[in-house]
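Visitor: What follows is a structure written as structure tokens; I'll ask about it next.
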Amino acid sequence: SAFGADLEPQYSSDSLLIACVNTTRPQRHKDGEVSSAQIERVGALARTYVPGGRLVDLPHNAYGERISLTRNLLDEGAPAIYEATFSTGDAYAAIDILERARRGFNLVEVKSSTSVKPEHIPDVAIQMHVLARSGLDVSRAEVMHLNRACAYPDLSNLFTRGDVTAEARAMQKTFKENWISRMPSRDRAWPRPMPRPMPRPAPTQVSRPASTSI
């Protein structure tokens, strides 16, 4: 973790769960900002609230393997897939939780905030775009976030899910050919990785001999 186990403790027992997430930018007391490792911890906790799923447990840069495993899990009828990964040629997305519904699928984007925020909608919208182009019908899109109202001893509502289907669909209508390239890079919905250009060799400088006057 960003500050060490002592400053970010996690304790669980049969009757109590405590998970502390500190901001990595103390000057931002209102909303704070957390590290990628902290976000992963919140995501792992969130998966327990959608049980029975299968995790695409591969490195994030193993694009082909992640996509192939996701397809296999879909073919097997997994009730939910954590970190389901898709690519459409113009974009790549890893879905936090893809939940099989009675009709189609539910897309669940996990956030470490305590509310749904406007900046969450573009990420959900691009993921819906990728899923639709991959042939999957998304019946509902949600943001799962930490619940301020959760109080011990009832931890059944540690997370809450907000429906953002309408907002995400409305944002999809504004898509343009280069809209994807302006997506935030922190979340896992971004343009398909492109090969890096080969560096050009530096020009060779030839020194001329000094002229000699006679």
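Ordering of the structure tokens sets the chain letters (A, B, ...); residue numbers start at 1 within each chain; ligands are numbered from 1 in the order shown.
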Name the residues of range 64-194 of chain A that fall into strand (DSSP E) according to DSSP on the backbone, using the chain letters and numbers of this document, as an MDAnalysis selection string.
Guide: chainID A and resid 80:87 92:100 105:110 138:146 159:163 189:190
Visitor: List as a PyMOL selection string the protein and nucleic acid residues near His129 in chain A, meaning an atom at most 12 Å away when only C-alpha atoms are counted, but skip any in the same chain fewer than 4 places from it.
Guide: chain A and resi 86-88+90-93+95+107+122-125+133-138+141+168-176+179-180+189-190
Visitor: Any idea what's packed within 12 Å of Ala44 in chain A, counting only C-alpha atoms, ignoring anything in its chain fewer than 6 positions away? Could you give it as a list in words?
Guide: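 The neighbour list is Ala19, Ala37, Gln38, Val50, Pro51, Gly53, Leu55, Asp57, Tyr82, Glu83, Asp96, Ile97, Val110, Lys111 and Ser112 of chain A.
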Visitor: Could you give me, as number ranges by chain, the residues within 8 Å of Gly162 in chain A, counting only C-alpha atoms and dropping anything in the same chain fewer than 4 positions from it?
Guide: A: 116, 142-144
Visitor: Can you measure CA of Glu167 in chain A to CA of Glu99 in chain A for me? One decimal in Å is fine.
Guide: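 Those two atoms sit 19.5 Å apart.
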Visitor: Between A:Lys117, A:His60, A:His145, A:Arg54, which has the minimum distance to Leu74 in chain A (counting only C-alpha atoms)?
Guide: A:Arg54
Visitor: Just checking: using only C-alpha atoms, which residue out of A:Val108, A:Ile126, A:Ile39, A:Ile121 ends up closest to Thr160 in chain A?
Guide: A:Val108
